[in-house]
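final-v1.cif, holding mmCIF, C-alpha atoms and all ligand atoms:
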data_model
#
loop_
_atom_site.label_atom_id
_atom_site.label_comp_id
_atom_site.auth_asym_id
_atom_site.auth_seq_id
_atom_site.Cartn_x
_atom_site.Cartn_y
_atom_site.Cartn_z
CA MET J 1 0.00 0.00 0.00
CA THR J 2 1.42 3.41 -0.94
CA ALA J 3 1.36 6.22 1.58
CA PRO J 4 -1.33 8.87 1.03
CA LEU J 5 -0.14 12.02 -0.70
CA ILE J 6 -0.92 15.12 1.38
CA VAL J 7 -0.32 18.42 -0.42
CA ALA J 8 -0.38 21.61 1.63
CA ASN J 9 -1.31 24.74 -0.33
CA TRP J 10 -0.16 27.73 1.69
CA LYS J 11 -1.36 30.20 -0.96
CA MET J 12 -0.08 33.74 -0.11
CA ASN J 13 0.33 32.84 3.57
CA GLY J 14 2.91 31.48 5.96
CA SER J 15 6.34 32.43 7.18
CA GLU J 16 9.77 30.96 7.86
CA ALA J 17 8.60 30.33 11.43
CA LEU J 18 5.65 28.27 10.18
CA LEU J 19 7.92 26.26 7.88
CA ARG J 20 10.20 25.44 10.81
CA ASP J 21 7.21 24.45 12.96
CA VAL J 22 5.74 22.24 10.23
CA ALA J 23 9.09 20.53 9.61
CA GLU J 24 9.38 19.76 13.31
CA ALA J 25 5.77 18.62 13.70
CA LEU J 26 6.12 16.20 10.77
CA VAL J 27 9.25 14.45 12.02
CA ASP J 28 7.17 11.62 13.52
CA ARG J 29 5.02 11.20 10.42
CA GLN J 30 7.80 10.14 8.08
CA GLY J 31 7.01 7.08 6.04
CA SER J 32 3.31 7.01 6.86
CA VAL J 33 2.43 9.93 4.57
CA ASP J 34 3.97 11.49 1.50
CA VAL J 35 3.93 15.25 2.13
CA VAL J 36 4.40 18.03 -0.42
CA LEU J 37 4.35 21.65 0.78
CA ALA J 38 3.23 24.09 -1.93
CA LEU J 39 5.01 27.16 -0.61
CA PRO J 40 5.33 30.78 -1.63
CA ALA J 41 8.54 30.69 -3.74
CA ILE J 42 10.33 32.93 -1.25
CA HIS J 43 10.43 30.04 1.27
CA MET J 44 11.97 27.43 -1.02
CA SER J 45 15.59 28.00 -0.09
CA LEU J 46 14.73 27.45 3.57
CA ALA J 47 12.75 24.35 2.58
CA ARG J 48 15.83 23.00 0.83
CA ALA J 49 17.96 23.56 3.92
CA LEU J 50 15.40 22.32 6.42
CA LEU J 51 13.20 19.55 5.09
CA GLN J 52 14.10 15.92 5.64
CA ASP J 53 13.63 12.99 3.32
CA GLY J 54 9.96 12.34 2.77
CA ILE J 55 8.87 15.97 2.81
CA ARG J 56 9.03 17.65 -0.55
CA TRP J 57 8.02 21.10 -1.71
CA ALA J 58 6.19 22.58 -4.67
CA SER J 59 5.27 25.86 -6.29
CA GLN J 60 1.67 27.00 -6.56
CA ASP J 61 2.00 27.99 -10.22
CA VAL J 62 4.54 28.22 -13.06
CA HIS J 63 4.83 30.19 -16.28
CA TRP J 64 4.65 28.02 -19.39
CA LEU J 65 7.79 29.44 -21.02
CA GLU J 66 11.35 28.73 -19.99
CA SER J 67 12.45 32.38 -19.86
CA GLY J 68 11.60 35.79 -21.24
CA ALA J 69 10.21 39.26 -20.57
CA TYR J 70 7.40 38.28 -18.18
CA THR J 71 7.82 40.51 -15.16
CA GLY J 72 7.00 38.83 -11.88
CA GLU J 73 6.73 35.30 -13.27
CA LEU J 74 8.73 32.16 -12.45
CA SER J 75 9.40 29.39 -14.95
CA ALA J 76 9.10 25.69 -14.17
CA GLU J 77 12.86 25.42 -14.70
CA MET J 78 13.48 28.06 -12.00
CA ILE J 79 11.19 26.24 -9.61
CA ALA J 80 12.96 22.94 -10.33
CA GLN J 81 16.31 24.61 -9.64
CA MET J 82 14.99 25.49 -6.19
CA GLY J 83 14.68 21.77 -5.51
CA ALA J 84 10.89 21.56 -5.85
CA SER J 85 9.42 18.27 -6.99
CA HIS J 86 5.89 19.36 -7.96
CA SER J 87 3.83 22.38 -8.96
CA ILE J 88 0.15 23.04 -8.53
CA VAL J 89 -1.34 24.14 -11.86
CA GLY J 90 -4.78 25.54 -12.65
CA HIS J 91 -5.97 26.17 -9.11
CA SER J 92 -9.46 27.67 -9.22
CA GLU J 93 -8.10 30.91 -7.75
CA ARG J 94 -5.68 31.19 -10.68
CA ARG J 95 -8.47 30.36 -13.11
CA GLU J 96 -10.79 32.96 -11.55
CA TYR J 97 -8.49 35.87 -10.59
CA PHE J 98 -5.86 35.46 -13.32
CA ALA J 99 -8.16 34.33 -16.13
CA GLU J 100 -6.36 31.03 -16.74
CA SER J 101 -8.12 28.99 -19.40
CA ASP J 102 -7.98 25.21 -19.76
CA GLU J 103 -5.54 25.74 -22.64
CA ILE J 104 -3.16 27.82 -20.49
CA VAL J 105 -3.40 25.20 -17.74
CA ALA J 106 -2.37 22.54 -20.29
CA LYS J 107 0.63 24.65 -21.37
CA LYS J 108 1.69 25.05 -17.75
CA ALA J 109 1.39 21.31 -17.09
CA ASN J 110 3.55 20.72 -20.16
CA ALA J 111 6.13 23.17 -18.82
CA CYS J 112 6.25 21.16 -15.60
CA PHE J 113 7.00 17.94 -17.47
CA ARG J 114 9.67 19.74 -19.53
CA ALA J 115 11.38 20.89 -16.34
CA GLY J 116 11.05 17.59 -14.49
CA LEU J 117 8.35 18.78 -12.09
CA ILE J 118 5.25 16.70 -11.38
CA PRO J 119 2.14 18.78 -12.15
CA ILE J 120 -0.79 18.68 -9.74
CA VAL J 121 -3.58 19.93 -11.99
CA CYS J 122 -6.75 21.19 -10.32
CA VAL J 123 -10.20 20.70 -11.77
CA GLY J 124 -13.57 21.40 -10.19
CA GLU J 125 -17.06 22.69 -10.70
CA SER J 126 -18.85 25.79 -9.41
CA ARG J 127 -21.83 25.61 -7.08
CA GLU J 128 -24.12 26.46 -10.01
CA ALA J 129 -22.71 23.62 -12.10
CA ARG J 130 -23.15 21.17 -9.20
CA GLN J 131 -26.75 22.31 -8.71
CA ALA J 132 -27.42 21.92 -12.43
CA GLU J 133 -26.00 18.37 -12.23
CA ARG J 134 -23.17 19.35 -14.59
CA THR J 135 -20.27 18.30 -12.33
CA GLU J 136 -19.07 15.42 -14.49
CA ALA J 137 -19.44 17.41 -17.70
CA VAL J 138 -17.40 20.32 -16.30
CA VAL J 139 -14.53 18.32 -14.79
CA CYS J 140 -14.29 15.97 -17.78
CA GLU J 141 -14.13 18.95 -20.16
CA GLN J 142 -11.29 20.43 -18.07
CA LEU J 143 -9.49 17.08 -18.09
CA GLU J 144 -10.03 16.49 -21.82
CA VAL J 145 -8.52 19.87 -22.77
CA LEU J 146 -5.58 19.17 -20.47
CA LEU J 147 -4.92 15.73 -21.93
CA ALA J 148 -5.25 17.02 -25.48
CA GLY J 149 -2.35 19.38 -24.72
CA LEU J 150 -0.04 16.73 -23.23
CA PRO J 151 2.20 14.21 -24.96
CA GLN J 152 0.41 10.89 -25.30
CA GLY J 153 1.02 8.66 -22.32
CA ALA J 154 2.57 11.42 -20.16
CA GLU J 155 3.17 9.78 -16.83
CA ARG J 156 3.18 10.97 -13.24
CA LEU J 157 0.22 13.28 -13.81
CA ILE J 158 -1.66 14.15 -10.63
CA ILE J 159 -5.19 15.53 -10.73
CA ALA J 160 -6.73 17.32 -7.77
CA TYR J 161 -10.51 17.38 -7.77
CA GLU J 162 -11.40 20.62 -6.01
CA PRO J 163 -15.05 21.62 -6.15
CA ILE J 164 -14.96 25.42 -6.08
CA TRP J 165 -17.90 25.60 -3.67
CA ALA J 166 -15.90 23.56 -1.13
CA ILE J 167 -12.69 25.62 -1.15
CA GLY J 168 -12.27 27.65 2.00
CA THR J 169 -15.97 27.39 2.83
CA GLY J 170 -16.09 24.58 5.39
CA ALA J 171 -18.58 22.77 3.12
CA GLU J 172 -16.59 19.77 1.92
CA ALA J 173 -17.86 17.25 -0.62
CA THR J 174 -19.00 14.03 1.01
CA PRO J 175 -16.60 11.11 0.53
CA GLU J 176 -19.16 9.52 -1.79
CA MET J 177 -19.46 12.66 -3.94
CA ALA J 178 -15.67 12.90 -4.24
CA GLN J 179 -15.29 9.18 -4.94
CA ALA J 180 -17.83 9.34 -7.78
CA VAL J 181 -15.96 12.21 -9.49
CA HIS J 182 -12.54 10.60 -8.98
CA ALA J 183 -13.74 7.38 -10.61
CA VAL J 184 -15.07 9.33 -13.61
CA LEU J 185 -11.79 11.25 -13.96
CA ARG J 186 -9.76 8.03 -13.91
CA ASP J 187 -12.04 6.43 -16.43
CA THR J 188 -11.96 9.45 -18.76
CA ALA J 189 -8.16 9.59 -18.66
CA GLN J 190 -7.89 5.88 -19.36
CA LYS J 191 -10.11 6.18 -22.42
CA ARG J 192 -7.68 8.82 -23.75
CA GLY J 193 -4.67 6.56 -23.12
CA PHE J 194 -3.46 8.23 -19.92
CA ARG J 195 -3.02 6.73 -16.49
CA LEU J 196 -3.50 9.22 -13.68
CA ASP J 197 -0.75 8.65 -11.16
CA LYS J 198 -2.87 9.99 -8.30
CA VAL J 199 -6.22 11.68 -7.85
CA LEU J 200 -6.43 13.99 -4.84
CA TYR J 201 -9.44 15.61 -3.24
CA GLY J 202 -9.32 19.24 -2.08
CA GLY J 203 -11.89 21.52 -0.47
CA SER J 204 -12.27 22.11 3.28
CA VAL J 205 -10.26 19.02 4.24
CA LYS J 206 -9.59 19.04 7.97
CA GLU J 207 -8.23 16.84 10.70
CA ASP J 208 -11.70 15.48 11.44
CA ASN J 209 -12.95 14.70 7.92
CA VAL J 210 -9.79 13.41 6.25
CA ALA J 211 -10.23 9.83 7.46
CA ALA J 212 -13.59 9.33 5.78
CA LEU J 213 -12.26 10.79 2.53
CA MET J 214 -9.15 8.63 2.58
CA SER J 215 -11.21 5.47 3.05
CA MET J 216 -12.57 5.81 -0.51
CA PRO J 217 -10.89 3.58 -3.11
CA ASP J 218 -10.17 6.29 -5.68
CA ILE J 219 -8.97 8.99 -3.27
CA ASP J 220 -5.17 8.78 -3.17
CA GLY J 221 -4.58 11.84 -1.07
CA VAL J 222 -5.74 15.35 -0.31
CA LEU J 223 -4.90 18.96 -1.16
CA VAL J 224 -5.23 21.07 1.95
CA GLY J 225 -5.47 24.86 2.12
CA GLY J 226 -6.51 26.51 5.38
CA ALA J 227 -5.86 23.48 7.57
CA SER J 228 -2.22 23.34 6.44
CA LEU J 229 -1.43 26.64 8.17
CA SER J 230 -1.25 25.18 11.67
CA ALA J 231 1.72 22.88 12.28
CA GLN J 232 -0.01 20.82 14.94
CA GLY J 233 -3.32 20.65 13.07
CA PHE J 234 -1.62 19.66 9.82
CA SER J 235 0.41 17.00 11.57
CA ALA J 236 -2.76 15.57 13.14
CA LEU J 237 -4.45 15.62 9.73
CA CYS J 238 -1.53 13.64 8.29
CA ALA J 239 -1.76 11.12 11.11
CA ASN J 240 -5.49 10.61 10.54
CA ALA J 241 -4.96 10.24 6.80
CA ALA J 242 -2.29 7.60 7.34
CA ALA J 243 -4.42 5.65 9.81
CA THR J 244 -7.33 5.16 7.44
CA HIS J 245 -5.78 5.03 3.99
CA ASN J 246 -7.75 2.63 1.76
C1 LIG Z 1 -7.26 24.91 -1.75
O1 LIG Z 1 -7.13 26.12 -1.77
O2 LIG Z 1 -6.74 24.22 -2.61
C2 LIG Z 1 -8.07 24.33 -0.69
C3 LIG Z 1 -8.40 23.09 -0.80
O3 LIG Z 1 -8.38 25.15 0.37
P1 LIG Z 1 -9.16 24.74 1.71
O4 LIG Z 1 -8.56 23.46 2.21
O5 LIG Z 1 -8.95 25.89 2.63
O6 LIG Z 1 -10.60 24.56 1.32
#
Any chance you could give the structure as structure tokens?
Amino acid sequence: MTAPLIVANWKMNGSEALLRDVAEALVDRQGSVDVVLALPAIHMSLARALLQDGIRWASQDVHWLESGAYTGELSAEMIAQMGASHSIVGHSERREYFAESDEIVAKKANACFRAGLIPIVCVGESREARQAERTEAVVCEQLEVLLAGLPQGAERLIIAYEPIWAIGTGAEATPEMAQAVHAVLRDTAQKRGFRLDKVLYGGSVKEDNVAALMSMPDIDGVLVGGASLSAQGFSALCANAAATHN
């Protein structure tokens, strides 16, 4: 059985002090969970100095080009040089506030592969789409555009199913709702000749609901926002995930 993958998305939060606290709190969790910290880029050099085997770090975004006149941006190659192993791509906040289309998300995922980073690509439906029973149509469309932009058979692709209505709201999807979408995503990818390495769930995951989510057969891990900003809380969440992994 592989350890659950727990990705912490700090967004534009956190500090060096928090990184030190998290590193210390996770010392006892090594081996039972696979942790990736998606940090603000400014904290990556400390991550490189501080984090032990078994705790990796990621960026929260990349530009799709290797270099150029794009003020304020970071390329996947630059992130890889900072020792990161992964990058989140296409988070709903990027899609909403920075107008990232499915096509741009595909280009960014490609840039990750080019640079040797593992992309964690987010898909998810709005509340309106869920209410209109369009969840599967929306997430499959996002996945199809992504796969169409990737080399056939690209491996190590991670998808994070993050219903937008569940992010930061405290209203998580039930384990059954998440399981149903994960199964559809896997199936859709397979029909296009891709094998998803992992499918994560994200959206109001906390210490007390992670166990039920992780007991589902197609949930390989979780993407955690708010609850990753407390070292003790995040460590407890990791422990609960490890204890009940399917
Ligand atoms: C996220 O931003 O990816 C997320 C899942 O946030 P939260 O856990 O706070 O809902």
Could you tell me, counting only C-alpha atoms and all ligand atoms, which protein and nucleic acid residues lie no more than 9 Å from ligand LIG 1 (chain Z), written as a PDB file with C-alpha atoms, in the frame of the given file?
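Below you can see result24.pdb, which holds the result:
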ATOM      1  CA  VAL J   7      -0.320  18.420  -0.420  1.00  0.00           C
ATOM      2  CA  ALA J   8      -0.380  21.610   1.630  1.00  0.00           C
ATOM      3  CA  ASN J   9      -1.310  24.740  -0.330  1.00  0.00           C
ATOM      4  CA  TRP J  10      -0.160  27.730   1.690  1.00  0.00           C
ATOM      5  CA  LYS J  11      -1.360  30.200  -0.960  1.00  0.00           C
ATOM      6  CA  HIS J  91      -5.970  26.170  -9.110  1.00  0.00           C
ATOM      7  CA  SER J  92      -9.460  27.670  -9.220  1.00  0.00           C
ATOM      8  CA  GLU J  93      -8.100  30.910  -7.750  1.00  0.00           C
ATOM      9  CA  CYS J 122      -6.750  21.190 -10.320  1.00  0.00           C
ATOM     10  CA  ALA J 160      -6.730  17.320  -7.770  1.00  0.00           C
ATOM     11  CA  GLU J 162     -11.400  20.620  -6.010  1.00  0.00           C
ATOM     12  CA  PRO J 163     -15.050  21.620  -6.150  1.00  0.00           C
ATOM     13  CA  ILE J 164     -14.960  25.420  -6.080  1.00  0.00           C
ATOM     14  CA  TRP J 165     -17.900  25.600  -3.670  1.00  0.00           C
ATOM     15  CA  ALA J 166     -15.900  23.560  -1.130  1.00  0.00           C
ATOM     16  CA  ILE J 167     -12.690  25.620  -1.150  1.00  0.00           C
ATOM     17  CA  GLY J 168     -12.270  27.650   2.000  1.00  0.00           C
ATOM     18  CA  THR J 169     -15.970  27.390   2.830  1.00  0.00           C
ATOM     19  CA  GLY J 170     -16.090  24.580   5.390  1.00  0.00           C
ATOM     20  CA  ALA J 171     -18.580  22.770   3.120  1.00  0.00           C
ATOM     21  CA  GLU J 172     -16.590  19.770   1.920  1.00  0.00           C
ATOM     22  CA  TYR J 201      -9.440  15.610  -3.240  1.00  0.00           C
ATOM     23  CA  GLY J 202      -9.320  19.240  -2.080  1.00  0.00           C
ATOM     24  CA  GLY J 203     -11.890  21.520  -0.470  1.00  0.00           C
ATOM     25  CA  SER J 204     -12.270  22.110   3.280  1.00  0.00           C
ATOM     26  CA  VAL J 205     -10.260  19.020   4.240  1.00  0.00           C
ATOM     27  CA  LYS J 206      -9.590  19.040   7.970  1.00  0.00           C
ATOM     28  CA  VAL J 222      -5.740  15.350  -0.310  1.00  0.00           C
ATOM     29  CA  LEU J 223      -4.900  18.960  -1.160  1.00  0.00           C
ATOM     30  CA  VAL J 224      -5.230  21.070   1.950  1.00  0.00           C
ATOM     31  CA  GLY J 225      -5.470  24.860   2.120  1.00  0.00           C
ATOM     32  CA  GLY J 226      -6.510  26.510   5.380  1.00  0.00           C
ATOM     33  CA  ALA J 227      -5.860  23.480   7.570  1.00  0.00           C
ATOM     34  CA  SER J 228      -2.220  23.340   6.440  1.00  0.00           C
TER      35      SER J 228
END
Just how far from CA of Gly72 (chain J) is CA of Leu19 (chain J), in Å to one decimal?
->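 Distance between the two atoms: 23.4 Å.
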Residues at most 9 Å from Gln52 (chain J), counting only C-alpha atoms, excluding those fewer than 2 positions away in the same chain, as a ChimeraX atom specification?
-> /J:23,27,30,48-50,54-56
Draw an axis-aligned box over all listed atoms of region 46-54 of chain J, pad each side with 5 Å, and write its centre and edge lengths in Å, one decimal, as lines of an AutoDock Vina configuration file.
center_x = 14.0
center_y = 19.9
center_z = 3.6
size_x = 18.0
size_y = 25.1
size_z = 15.6
Residue among J:Val62, J:Asp220, J:Cys140, J:Ala211 lying closest to Ala243 (chain J), counting all atoms listed in the file = J:Ala211
What gap, in Å, lies between CA of Ala212 (chain J) and CA of Thr174 (chain J)?
-> 8.6 Å
Expressed in Å to a single decimal, how great is the separation between CA of Leu5 (chain J) and CA of Gly193 (chain J)?
-> 23.5 Å
Choose the residue, out of J:Asn240, J:Ser101, J:Thr71, J:Ser59, that has the smallest atom-to-atom separation from Val210 (chain J); count only C-alpha atoms.
->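 Among J:Asn240, J:Ser101, J:Thr71, J:Ser59, it is J:Asn240 that comes nearest to Val210 (chain J).
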Quick one: of J:Ser230, J:Ser32, J:Ser235, J:Ser87, who's nearest to Val121 (chain J), counting only C-alpha atoms?
->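 Once distances to Val121 (chain J) are computed over only C-alpha atoms, the minimum belongs to J:Ser87.
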As a CSV table (one decimal) with C-alpha atoms, in the coordinates of the input, please: the residues near Tyr161 (chain J) (cut-off 8 Å, only C-alpha atoms, same-chain neighbours under 3 positions excluded).
chain,number,residue,atom,x,y,z
J,122,CYS,CA,-6.8,21.2,-10.3
J,123,VAL,CA,-10.2,20.7,-11.8
J,124,GLY,CA,-13.6,21.4,-10.2
J,178,ALA,CA,-15.7,12.9,-4.2
J,181,VAL,CA,-16.0,12.2,-9.5
J,182,HIS,CA,-12.5,10.6,-9.0
J,199,VAL,CA,-6.2,11.7,-7.8
J,200,LEU,CA,-6.4,14.0,-4.8
J,201,TYR,CA,-9.4,15.6,-3.2
J,202,GLY,CA,-9.3,19.2,-2.1
Between J:Ala80, J:Val105, J:Leu46, J:Ala69, which one has atoms that come closest to Ala17 (chain J), using all atoms listed in the file?
->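 Smallest distance to Ala17 (chain J) is found for J:Leu46.
Proximity of J:Thr244, J:Ala173, J:Ala231, J:Glu155 to Val22 (chain J), computed with only C-alpha atoms, is greatest for J:Ala231.
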Using all atoms listed in the file, which of J:Gly14, J:Pro217, J:Pro119, J:Pro175 sits nearest Asp197 (chain J)?
->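 Using all atoms listed in the file, Asp197 (chain J) sits closest to J:Pro119.
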